[in-house]
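S.K.: My questions will all concern the structure given below.
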Amino acid sequence: MSCKMWIGCIGVGMLSLSVTGCGGEKGDGTTITATGSDTMVNVAQAWAEEYAKRNPKIKVDVNGGGSGRGISSLINGTCDMANASRKMEDKERATCKEKRGEEPVEHVVGYDALAVYVHKDNPLDSISIEQLAEIYGDGGASENWSQVSDAAASLGKIVRVSRQNNSGTYVYFREAVLGKERDYKLGSVDQSGSKDVVALVARTPAAIGYSGMGYATDEVKMLKISKAKGEPAVAPTVDNAKSGAYPITRPLHIYTVGEPTGAAKEYIEWILSEAGQKVVTDLGYVPVQ
Amino acid sequence: MGIPTTSVAARVRHVWRLSERLREKAIEWAIRICGWSAIFFVLAIFFFVFREAAPMLLGGLDFKEFFTSPNWRPTSQVRPEYGILALLVGSLSLAGVAMAVAVPFGLGAAVFISEFCGGKTKETLKIVIELLAAVPSIVWGFVGLFVLAPLIVEWTGAQVGVNLLNAGIVVALMSVPIIVSIGEDALKAVPDSYREAALSLGASRWEIVYRVLFPAAKNGLLAAVLLGVGRAIGETMAVLMCTGHSINIPHSLLDPIRALTATIATELGDTVEGDEHWQALFTIGVVLFTITFVINLTADLVVKGIRSEKSA
Amino acid sequence: MSLPASDGGDGSRYVNADTLEDALAIIAERHDDWSRQTGYPLCLEIVCQRPGGTVHPRGRSRYNFFVDTSGSAADGAGTELDPYGGVSSAATELIRLRRAGRLDLRAGQRIRLWHREMFSATSLERRKRIREAVARSVFSIMVTALVIPVLAIIAYLFFRAAPVISPAFLFENPKDGMTGGGIWAPLVGTFYLAIISLCIDAPIGILAAIYLNEYAPDNWFTRMINLAVVNLAGVPSIVHGLFGFGAFVLAARMGASVLAASCTLAVMSLPVIITCTREALASVPMSFREACWNLGATRWQTIRTIVLPNSFGGILTGVIFEICRTAGETAPILFTGVVFYMSGLPDHGLESVLPYGLFDQCLALQYHLFISSTQMTGVTEETLFGMAAVLVGLTLTINSVSISMRIYLRSRKKW
């Protein structure tokens, strides 16, 4: 008797398995998978949620993990569109062409100002790109706050908060602040999400970190950035980012393999429409004109 | 008994009965194949991880640099560097700190449960320890990040709450159940006659533990510690959330570190299939597999050692 | 030298003497009287009183001597193991020592003359007992130090989570940029992964355990299999993730999907099933099998009709435990099947129970907790604690079911 029960259990398990299998197969629309940048994951998620209200037939799966992940998934064919907060490198374009047969196509869907965050009690208000490079760059001299500003000297050793090494933020920050030929100093606290960076800075008085401006909270302070020491410092705001006055502003991209068609095309068109761009603004990013 | 020709159903039943031997053979083979599956899976794991790492492992990986350079810059524009020393030291120091906390407490708890209490207390404690093992690693990571980190900052004045100490404590809590349960098994495996002999010589419980059980069960206890180390090195999500994830050779308990496992977890998603960085991450996978394999093998041999000694 | 003895009220007597020798002489002379009056041998103390001061009732003694009053012992050296033969001989000996200058008291110090009982604990025994007590308390403190903080942490999780936990939190899908709504879809995803991986590894694991327990010959190959099981359990979960990605997602062309993630989890938790099932099978007494074989049953018939039914409960326990294990794992599914967010998940009806197909990706609570605590902004800490508490509550409940079932079965065992 028990033995039959046992077999019955497995049977029921298998049955439920097959039922669930069918349950999913009957999906009545297309699924678009968008993977990539953590900076954009908020906005991508909001787009997906908003779009589902307008067009319930099209399902959008959103994945974070970093721009690198998006681009690699695009190349590997595991997603339909890659969110990237950096440009695709030539090498990646070539790999994509080779593996997928078509050139990737770039769509600029918004802009993001990369803000430099410090703890809210940090007396520092502004910082220059050079100072940032000294803090973050390989061989840079600044290890203590006293080397940055006398007012902040009491904070002691600088805790550098950075991102994992293939996120778009990491790559873009390197390009904009350190220059193409310079590496990061090792030993930074590398977080795997944009929010992580801000959250850690909020908890750590001696920390400095960079992350998208949309991630600001009350517990952290965004520093004004000047291009060089002595030049006027510019605050990371939507207006300054739009006008180009804020030096670390980057475009947010969506990449597709070849020109998008069908559902993907509609989706990107909707993103660039007023409704889609409103989502961008709502989340603290800068819309495309 | 002749062949019944009355109905189709009866015929089917007859054939079914005749095929009994055949069915039994089939089932026995299925059982046999499933029995061998464990070996198959271990080999498959090694094969698939090694396959992705192979182009790098077999073609031109500078092993000296790989194991002795603390510079892990796989995405450098200037010159990508693949040195896992800092990550390896991070993982090992983490295991060290975790074991420094977990081994005394784990073995102490094992001794207490096995020798110093009985009946209800013993059952309750065993159940609590078992439940401890069921808490998912991601929750431990969450606890480290949101509960332990602020406490560490407050108590030690550390700059960052996510550091070696935090991760060490969290991983210690995670590996304690395994140490307790295996340690307790090892103590239980010591024949009661040893205890009785010691008691009749007038030994106290503590003397039995210290003079009789520890020497008699030392291999089993060593195995418990080794498996704890394996768990500490292999832990991923909690470590990712609690170590601070900083490429750093730690100088103090309060330094953030980075572990091998966490590196794979954060970076694999970012890499393009088949490029050097990807291969480097799978190479780390091979290193991890090898480390845990050696640890498990040693633990197994150590335990087998006592068993054959006893039976001899 | 017959000084009046004042009564201390609690059966003790005090006698004042001017010098140590006097005191000893008084003891030697009057001890027998005292002991006849009280009926039992005494503990004698000689205290050097501070001028004008009082005597502290529990001062430390500077010298300890032991006397055997049973009269059977020969005169010894006054130690515990070798006591003096009687009080008077002890007093004489002490006076001799005093004269030799080897007995010297300062104010507040005292000499004790202990009556050594025949079966009293020796100092060795006492030290042993103290050590035992210390060891016991140290061990129990260790257990407490282990159990209490962990229980406190779990209680704290639930305490912080209490404000958000509600039916809406459990049964709604995430919305408003994942800051609002509940955790239904991720919760369902976690169940999916756990159940499907169970469907994959339960048959394999149970059959493997049957092989190892019932069929496997005792040779090097079986030893290899056992070693492989142990190793499979010891492989880091992230390496399982790498394997799943390489084998199921890429090589088997499943893509990142529920199926690939479940397969990965199944391989990872196979050892759990094998070990638990083996234990259950091994607990069926050999005599049951022998009886069955004697009736002419084949091996498989014996297993099917005798061994499996008798170990059914134990196997089920292992199976439940496996669910608990897979429900909590994150690393193996990172690259093999979970997704950050899916739009258009059905909110109600049958469809909300079955939102994912085998080849879809899915949300999972463990990953949802991870990304919400590291990547999404605007998620309140309470919500995070809520997710953690649900996850812990889920695994603990499943595990408790498994444990109570085991206890119940053990209590019902007939052999």
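The way I read the labels, and the way they are meant: chains A, B, ... in the order of the structure tokens, residue 1 as the first residue of every chain, and ligand 1 as the first ligand shown, with later ones counted on from there.
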Output as a PyMOL selection string the set of chain B residues within 7 Å of chain C, with distances taken over only C-alpha atoms.
M.R.: chain B and resi 24+31-32+34-36+38-39+42+45+48-49+105+108-109+112+116+131+134-139+204-206+230+234-237+261+265+269+285+289+292-293+296
S.K.: May I have the selected residues written with C-alpha atoms, as a compact mmCIF listing (two decimals), in the first residue's frame?
M.R.:
```
# COMPACT_ATOMS: atom_id res chain seq x y z
CA GLU B 24 13.10 -6.72 -13.14
CA ILE B 31 19.12 1.31 -10.22
CA ARG B 32 22.67 0.46 -11.15
CA CYS B 34 21.50 5.82 -10.97
CA GLY B 35 23.93 4.40 -8.42
CA TRP B 36 26.82 5.28 -10.67
CA ALA B 38 27.24 10.40 -8.53
CA ILE B 39 30.57 9.57 -10.13
CA VAL B 42 31.39 14.74 -10.32
CA ILE B 45 31.23 19.04 -13.18
CA PHE B 48 32.34 21.26 -17.97
CA VAL B 49 34.17 23.67 -15.75
CA PHE B 105 32.28 26.51 19.61
CA GLY B 108 32.42 22.37 22.34
CA ALA B 109 28.78 22.09 21.39
CA PHE B 112 28.26 19.02 25.27
CA PHE B 116 27.20 16.27 29.00
CA LEU B 131 17.37 24.10 11.97
CA ALA B 134 18.46 25.24 7.12
CA VAL B 135 18.78 29.03 7.14
CA PRO B 136 19.62 29.97 3.53
CA SER B 137 22.99 31.53 2.85
CA ILE B 138 21.40 34.58 1.27
CA VAL B 139 19.64 35.30 4.57
CA SER B 204 35.31 12.14 35.55
CA ARG B 205 33.33 13.08 32.45
CA TRP B 206 35.75 15.78 31.52
CA GLY B 230 35.40 23.29 2.85
CA GLY B 234 32.85 27.28 -0.90
CA GLU B 235 30.31 29.69 0.55
CA THR B 236 29.24 32.29 -2.01
CA MET B 237 26.29 34.58 -1.48
CA THR B 261 33.63 32.39 -4.99
CA ALA B 265 29.42 35.31 -8.73
CA GLY B 269 27.50 37.57 -15.77
CA GLY B 285 36.21 27.51 -10.69
CA PHE B 289 36.84 22.57 -7.29
CA THR B 292 37.31 21.40 -2.06
CA PHE B 293 38.01 18.07 -3.73
CA ASN B 296 36.85 16.27 1.01
```
S.K.: Chain B near chain A within 10 Å: what's each residue's closest atom pair and its distance in Å to one decimal, counting only C-alpha atoms, ordered by chain then ascending residue number, as JSON lines?
M.R.:
```
{"residue": "B:Pro70", "atom": "CA", "partner": "A:Leu186", "partner_atom": "CA", "distance": 9.1}
{"residue": "B:Asn71", "atom": "CA", "partner": "A:Leu186", "partner_atom": "CA", "distance": 7.4}
{"residue": "B:Trp72", "atom": "CA", "partner": "A:Leu186", "partner_atom": "CA", "distance": 8.1}
{"residue": "B:Arg73", "atom": "CA", "partner": "A:Asn165", "partner_atom": "CA", "distance": 7.8}
{"residue": "B:Pro74", "atom": "CA", "partner": "A:Asn165", "partner_atom": "CA", "distance": 7.6}
{"residue": "B:Thr75", "atom": "CA", "partner": "A:Asn165", "partner_atom": "CA", "distance": 6.4}
{"residue": "B:Ser76", "atom": "CA", "partner": "A:Asp183", "partner_atom": "CA", "distance": 6.3}
{"residue": "B:Gln77", "atom": "CA", "partner": "A:Glu181", "partner_atom": "CA", "distance": 6.6}
{"residue": "B:Val78", "atom": "CA", "partner": "A:Glu181", "partner_atom": "CA", "distance": 5.8}
{"residue": "B:Arg79", "atom": "CA", "partner": "A:Asp183", "partner_atom": "CA", "distance": 9.1}
{"residue": "B:Pro80", "atom": "CA", "partner": "A:Asp183", "partner_atom": "CA", "distance": 9.7}
{"residue": "B:Ala86", "atom": "CA", "partner": "A:Gly187", "partner_atom": "CA", "distance": 9.7}
{"residue": "B:Leu145", "atom": "CA", "partner": "A:Leu200", "partner_atom": "CA", "distance": 9.6}
{"residue": "B:Ala149", "atom": "CA", "partner": "A:Arg203", "partner_atom": "CA", "distance": 9.2}
{"residue": "B:Pro150", "atom": "CA", "partner": "A:Arg203", "partner_atom": "CA", "distance": 7.8}
{"residue": "B:Val153", "atom": "CA", "partner": "A:Thr204", "partner_atom": "CA", "distance": 8.7}
{"residue": "B:Ala158", "atom": "CA", "partner": "A:Thr204", "partner_atom": "CA", "distance": 9.3}
{"residue": "B:Gln159", "atom": "CA", "partner": "A:Thr204", "partner_atom": "CA", "distance": 6.3}
{"residue": "B:Val160", "atom": "CA", "partner": "A:Thr204", "partner_atom": "CA", "distance": 6.0}
{"residue": "B:Gly161", "atom": "CA", "partner": "A:Thr204", "partner_atom": "CA", "distance": 8.0}
{"residue": "B:Val162", "atom": "CA", "partner": "A:Leu200", "partner_atom": "CA", "distance": 8.9}
{"residue": "B:Asn163", "atom": "CA", "partner": "A:Val189", "partner_atom": "CA", "distance": 9.6}
{"residue": "B:Leu240", "atom": "CA", "partner": "A:Ser192", "partner_atom": "CA", "distance": 8.9}
{"residue": "B:Met241", "atom": "CA", "partner": "A:Gln191", "partner_atom": "CA", "distance": 8.7}
{"residue": "B:Thr243", "atom": "CA", "partner": "A:Val189", "partner_atom": "CA", "distance": 9.0}
{"residue": "B:Gly244", "atom": "CA", "partner": "A:Val189", "partner_atom": "CA", "distance": 5.5}
{"residue": "B:His245", "atom": "CA", "partner": "A:Asp190", "partner_atom": "CA", "distance": 5.3}
{"residue": "B:Ser246", "atom": "CA", "partner": "A:Val189", "partner_atom": "CA", "distance": 4.3}
{"residue": "B:Ile247", "atom": "CA", "partner": "A:Gly187", "partner_atom": "CA", "distance": 4.7}
{"residue": "B:Asn248", "atom": "CA", "partner": "A:Gly187", "partner_atom": "CA", "distance": 4.9}
{"residue": "B:Ile249", "atom": "CA", "partner": "A:Gly187", "partner_atom": "CA", "distance": 8.4}
{"residue": "B:Pro250", "atom": "CA", "partner": "A:Gly187", "partner_atom": "CA", "distance": 9.8}
{"residue": "B:Asp255", "atom": "CA", "partner": "A:Gly187", "partner_atom": "CA", "distance": 9.7}
{"residue": "B:Pro256", "atom": "CA", "partner": "A:Val189", "partner_atom": "CA", "distance": 7.0}
{"residue": "B:Ile257", "atom": "CA", "partner": "A:Val189", "partner_atom": "CA", "distance": 8.2}
{"residue": "B:Arg258", "atom": "CA", "partner": "A:Val189", "partner_atom": "CA", "distance": 8.9}
{"residue": "B:Thr263", "atom": "CA", "partner": "A:Gln164", "partner_atom": "CA", "distance": 8.9}
{"residue": "B:Ala265", "atom": "CA", "partner": "A:Ser192", "partner_atom": "CA", "distance": 9.6}
{"residue": "B:Thr266", "atom": "CA", "partner": "A:Ser192", "partner_atom": "CA", "distance": 6.5}
{"residue": "B:Glu267", "atom": "CA", "partner": "A:Gln164", "partner_atom": "CA", "distance": 7.0}
{"residue": "B:Leu268", "atom": "CA", "partner": "A:Arg69", "partner_atom": "CA", "distance": 7.9}
{"residue": "B:Gly269", "atom": "CA", "partner": "A:Arg69", "partner_atom": "CA", "distance": 4.8}
{"residue": "B:Asp270", "atom": "CA", "partner": "A:Arg69", "partner_atom": "CA", "distance": 3.5}
{"residue": "B:Thr271", "atom": "CA", "partner": "A:Ser72", "partner_atom": "CA", "distance": 5.7}
{"residue": "B:Val272", "atom": "CA", "partner": "A:Ser72", "partner_atom": "CA", "distance": 4.3}
{"residue": "B:Glu273", "atom": "CA", "partner": "A:Asn76", "partner_atom": "CA", "distance": 6.6}
{"residue": "B:Gly274", "atom": "CA", "partner": "A:Asn76", "partner_atom": "CA", "distance": 9.7}
{"residue": "B:Asp275", "atom": "CA", "partner": "A:Thr95", "partner_atom": "CA", "distance": 9.8}
```
S.K.: For the alpha helix (DSSP H) assignment from backbone DSSP, which residues of region 41-230 of chain C qualify? Please present them as a ChimeraX atom specification.
M.R.: /C:87-99,123-161,167-171,184-210,220-230
S.K.: If we count only C-alpha atoms, what is near Asp80 (chain A) at a cut-off of 12 Å, once residues fewer than 3 positions away on the same chain are taken out, given as number ranges by chain?
M.R.: A: 30-36, 60-63, 70-77, 83, 100, 104-105, 254-265, 267-268
S.K.: Would you save the residues of that selection, restricted to C-alpha atoms, as an mmCIF file, in the first residue's frame?
M.R.:
```cif
data_model
loop_
_atom_site.group_PDB
_atom_site.id
_atom_site.type_symbol
_atom_site.label_atom_id
_atom_site.label_comp_id
_atom_site.auth_asym_id
_atom_site.auth_seq_id
_atom_site.Cartn_x
_atom_site.Cartn_y
_atom_site.Cartn_z
ATOM 1 C CA THR A 30 5.982 37.632 -27.270
ATOM 2 C CA THR A 31 8.599 37.927 -24.587
ATOM 3 C CA ILE A 32 11.350 40.477 -24.847
ATOM 4 C CA THR A 33 14.362 39.920 -22.640
ATOM 5 C CA ALA A 34 16.314 43.010 -21.708
ATOM 6 C CA THR A 35 19.515 42.455 -19.769
ATOM 7 C CA GLY A 36 22.239 44.745 -18.623
ATOM 8 C CA VAL A 60 9.341 42.083 -20.898
ATOM 9 C CA ASP A 61 11.873 40.255 -18.740
ATOM 10 C CA VAL A 62 14.437 42.536 -17.169
ATOM 11 C CA ASN A 63 17.788 41.438 -15.880
ATOM 12 C CA GLY A 70 23.941 42.819 -21.044
ATOM 13 C CA ILE A 71 26.398 43.052 -23.884
ATOM 14 C CA SER A 72 27.717 39.560 -23.299
ATOM 15 C CA SER A 73 24.185 38.160 -23.190
ATOM 16 C CA LEU A 74 23.409 39.971 -26.414
ATOM 17 C CA ILE A 75 26.456 38.428 -28.007
ATOM 18 C CA ASN A 76 25.687 35.015 -26.508
ATOM 19 C CA GLY A 77 22.121 35.329 -27.735
ATOM 20 C CA ASN A 83 20.920 47.866 -21.629
ATOM 21 C CA ARG A 100 25.266 36.678 -34.473
ATOM 22 C CA PRO A 104 24.723 45.637 -33.096
ATOM 23 C CA VAL A 105 22.612 48.766 -33.367
ATOM 24 C CA ILE A 254 19.948 49.982 -25.650
ATOM 25 C CA TYR A 255 21.661 47.662 -28.093
ATOM 26 C CA THR A 256 19.923 45.266 -30.407
ATOM 27 C CA VAL A 257 21.367 42.891 -32.953
ATOM 28 C CA GLY A 258 20.505 44.518 -36.258
ATOM 29 C CA GLU A 259 17.634 46.961 -36.569
ATOM 30 C CA PRO A 260 14.877 45.868 -34.192
ATOM 31 C CA THR A 261 11.724 44.427 -35.677
ATOM 32 C CA GLY A 262 8.283 43.577 -34.431
ATOM 33 C CA ALA A 263 7.686 43.744 -30.718
ATOM 34 C CA ALA A 264 11.189 44.989 -29.941
ATOM 35 C CA LYS A 265 10.796 47.815 -32.441
ATOM 36 C CA TYR A 267 8.975 48.710 -27.461
ATOM 37 C CA ILE A 268 11.961 50.911 -28.276
#
```
S.K.: Could you check the closest approach to His107 (chain A) for each of A:Asp218, A:Glu269, A:Asp38, A:Glu134 and tell me which residue wins, using only C-alpha atoms?
M.R.: A:Glu269
S.K.: Specify as a ChimeraX atom specification all residues of chain C found within 9 Å of chain A, counting only C-alpha atoms.
M.R.: /C:175-178,192,195-196,198-199,202-203,255-256,304-305,308-310,312,316,338-345,351,354-362,371,373-378
S.K.: For the residues selected in the previous step, produce a file with C-alpha atoms as a CSV table (one decimal), in the first residue's frame.
M.R.:
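Okay, this is what ended up in result_10.csv:
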```csv
chain,number,residue,atom,x,y,z
C,175,LYS,CA,5.0,46.6,-8.5
C,176,ASP,CA,6.0,50.2,-8.5
C,177,GLY,CA,9.6,49.6,-9.4
C,178,MET,CA,9.6,46.6,-7.1
C,192,TYR,CA,8.9,26.0,-9.0
C,195,ILE,CA,9.7,21.2,-6.9
C,196,ILE,CA,11.0,20.7,-10.4
C,198,LEU,CA,12.9,17.5,-6.7
C,199,CYS,CA,11.1,15.8,-9.5
C,202,ALA,CA,14.2,12.3,-6.2
C,203,PRO,CA,14.0,9.3,-8.6
C,255,GLY,CA,19.2,28.5,-22.4
C,256,ALA,CA,18.8,30.3,-19.1
C,304,ARG,CA,9.7,-3.3,-3.6
C,305,THR,CA,7.5,-5.1,-1.1
C,308,LEU,CA,10.7,0.5,0.5
C,309,PRO,CA,7.4,0.4,2.3
C,310,ASN,CA,9.2,0.1,5.6
C,312,PHE,CA,8.9,5.2,3.2
C,316,LEU,CA,10.0,11.3,2.6
C,338,VAL,CA,16.6,33.6,-12.5
C,339,VAL,CA,15.7,37.0,-13.8
C,340,PHE,CA,15.6,40.4,-12.2
C,341,TYR,CA,12.1,41.3,-13.2
C,342,MET,CA,9.4,40.1,-15.5
C,343,SER,CA,6.6,42.2,-16.7
C,344,GLY,CA,3.0,41.1,-17.2
C,345,LEU,CA,3.0,38.4,-14.6
C,351,GLU,CA,-2.4,31.7,-14.0
C,354,LEU,CA,1.5,28.8,-12.8
C,355,PRO,CA,3.2,31.8,-14.3
C,356,TYR,CA,6.3,30.2,-15.7
C,357,GLY,CA,6.9,27.7,-18.4
C,358,LEU,CA,9.8,25.2,-18.2
C,359,PHE,CA,11.8,27.2,-20.7
C,360,ASP,CA,11.0,30.6,-19.3
C,361,GLN,CA,13.2,32.3,-16.8
C,362,CYS,CA,11.6,33.0,-13.5
C,371,ILE,CA,18.8,42.3,-5.8
C,373,SER,CA,19.0,44.6,-0.9
C,374,THR,CA,21.9,45.4,-3.3
C,375,GLN,CA,20.5,46.9,-6.4
C,376,MET,CA,17.0,48.4,-6.2
C,377,THR,CA,16.5,51.8,-4.7
C,378,GLY,CA,13.5,52.8,-2.7
```
S.K.: With only C-alpha atoms as the basis for distance, which of A:Tyr210, A:Leu124, A:Leu178, A:Leu223 is at the shortest distance from Ala153 (chain A)?
M.R.: A:Leu124
S.K.: Rounded to one decimal in Å, what is the spacing between CA of Gly179 (chain A) and CA of Gly212 (chain A)?
M.R.: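 Going from CA of Gly179 (chain A) over to CA of Gly212 (chain A) covers 19.2 Å.
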S.K.: With only C-alpha atoms as the counted atoms, please give the residues lying no more than 9 Å from Ile84 (chain B), apart from itself and same-chain residues fewer than 4 positions off, as an NGL selection string.
M.R.: :B and (65-72 or 88-89 or 260 or 284)
S.K.: Would you save the residues of that selection, restricted to N, CA and C atoms, as a tab-separated table (two decimals), in the first residue's frame?
M.R.:
```tsv
chain	number	residue	atom	x	y	z
B	65	GLU	N	52.34	33.85	-12.31
B	65	GLU	CA	51.65	35.12	-12.13
B	65	GLU	C	50.26	34.88	-11.54
B	66	PHE	N	49.61	33.84	-12.05
B	66	PHE	CA	48.24	33.56	-11.63
B	66	PHE	C	48.17	33.36	-10.12
B	67	PHE	N	49.14	32.61	-9.58
B	67	PHE	CA	49.05	32.31	-8.15
B	67	PHE	C	49.81	33.28	-7.26
B	68	THR	N	50.72	34.09	-7.83
B	68	THR	CA	51.52	34.93	-6.94
B	68	THR	C	51.28	36.41	-7.12
B	69	SER	N	50.52	36.80	-8.13
B	69	SER	CA	50.29	38.23	-8.28
B	69	SER	C	48.99	38.62	-7.59
B	70	PRO	N	49.04	39.68	-6.79
B	70	PRO	CA	47.80	40.12	-6.13
B	70	PRO	C	46.95	41.01	-7.03
B	71	ASN	N	47.36	41.21	-8.29
B	71	ASN	CA	46.62	42.13	-9.15
B	71	ASN	C	45.59	41.41	-9.99
B	72	TRP	N	44.35	41.66	-9.69
B	72	TRP	CA	43.25	41.09	-10.48
B	72	TRP	C	42.60	42.23	-11.24
B	88	LEU	N	42.76	34.44	-3.27
B	88	LEU	CA	43.04	33.18	-2.59
B	88	LEU	C	43.30	33.45	-1.11
B	89	VAL	N	44.13	34.48	-0.85
B	89	VAL	CA	44.41	34.83	0.54
B	89	VAL	C	43.12	35.26	1.22
B	260	LEU	N	37.30	34.04	-3.63
B	260	LEU	CA	37.27	33.45	-4.98
B	260	LEU	C	35.83	33.26	-5.46
B	284	ILE	N	39.29	29.91	-12.05
B	284	ILE	CA	39.06	30.02	-10.61
B	284	ILE	C	38.13	28.90	-10.15
```
S.K.: As a PDB file with C-alpha atoms, in the first residue's frame, please: every residue in region 100-214 of chain C that a backbone DSSP assignment puts in strand (DSSP E).
M.R.:
```
ATOM      1  CA  ARG C 110      44.231  31.221  61.169  1.00  0.00           C
ATOM      2  CA  ILE C 111      45.155  27.599  61.556  1.00  0.00           C
ATOM      3  CA  ARG C 112      42.555  24.929  60.862  1.00  0.00           C
ATOM      4  CA  LEU C 113      42.527  21.473  62.225  1.00  0.00           C
ATOM      5  CA  TRP C 114      40.218  19.436  60.009  1.00  0.00           C
ATOM      6  CA  HIS C 115      38.595  16.295  61.005  1.00  0.00           C
ATOM      7  CA  PRO C 174       5.967  43.171  -7.061  1.00  0.00           C
ATOM      8  CA  LYS C 175       5.030  46.554  -8.505  1.00  0.00           C
ATOM      9  CA  GLY C 180       5.604  48.097  -3.678  1.00  0.00           C
ATOM     10  CA  GLY C 181       3.359  45.128  -3.874  1.00  0.00           C
TER      11      GLY C 181
END
```
S.K.: To one decimal in Å, tell me the separation between CA of Val148 (chain A) and CA of Thr249 (chain A).
M.R.: 23.2 Å
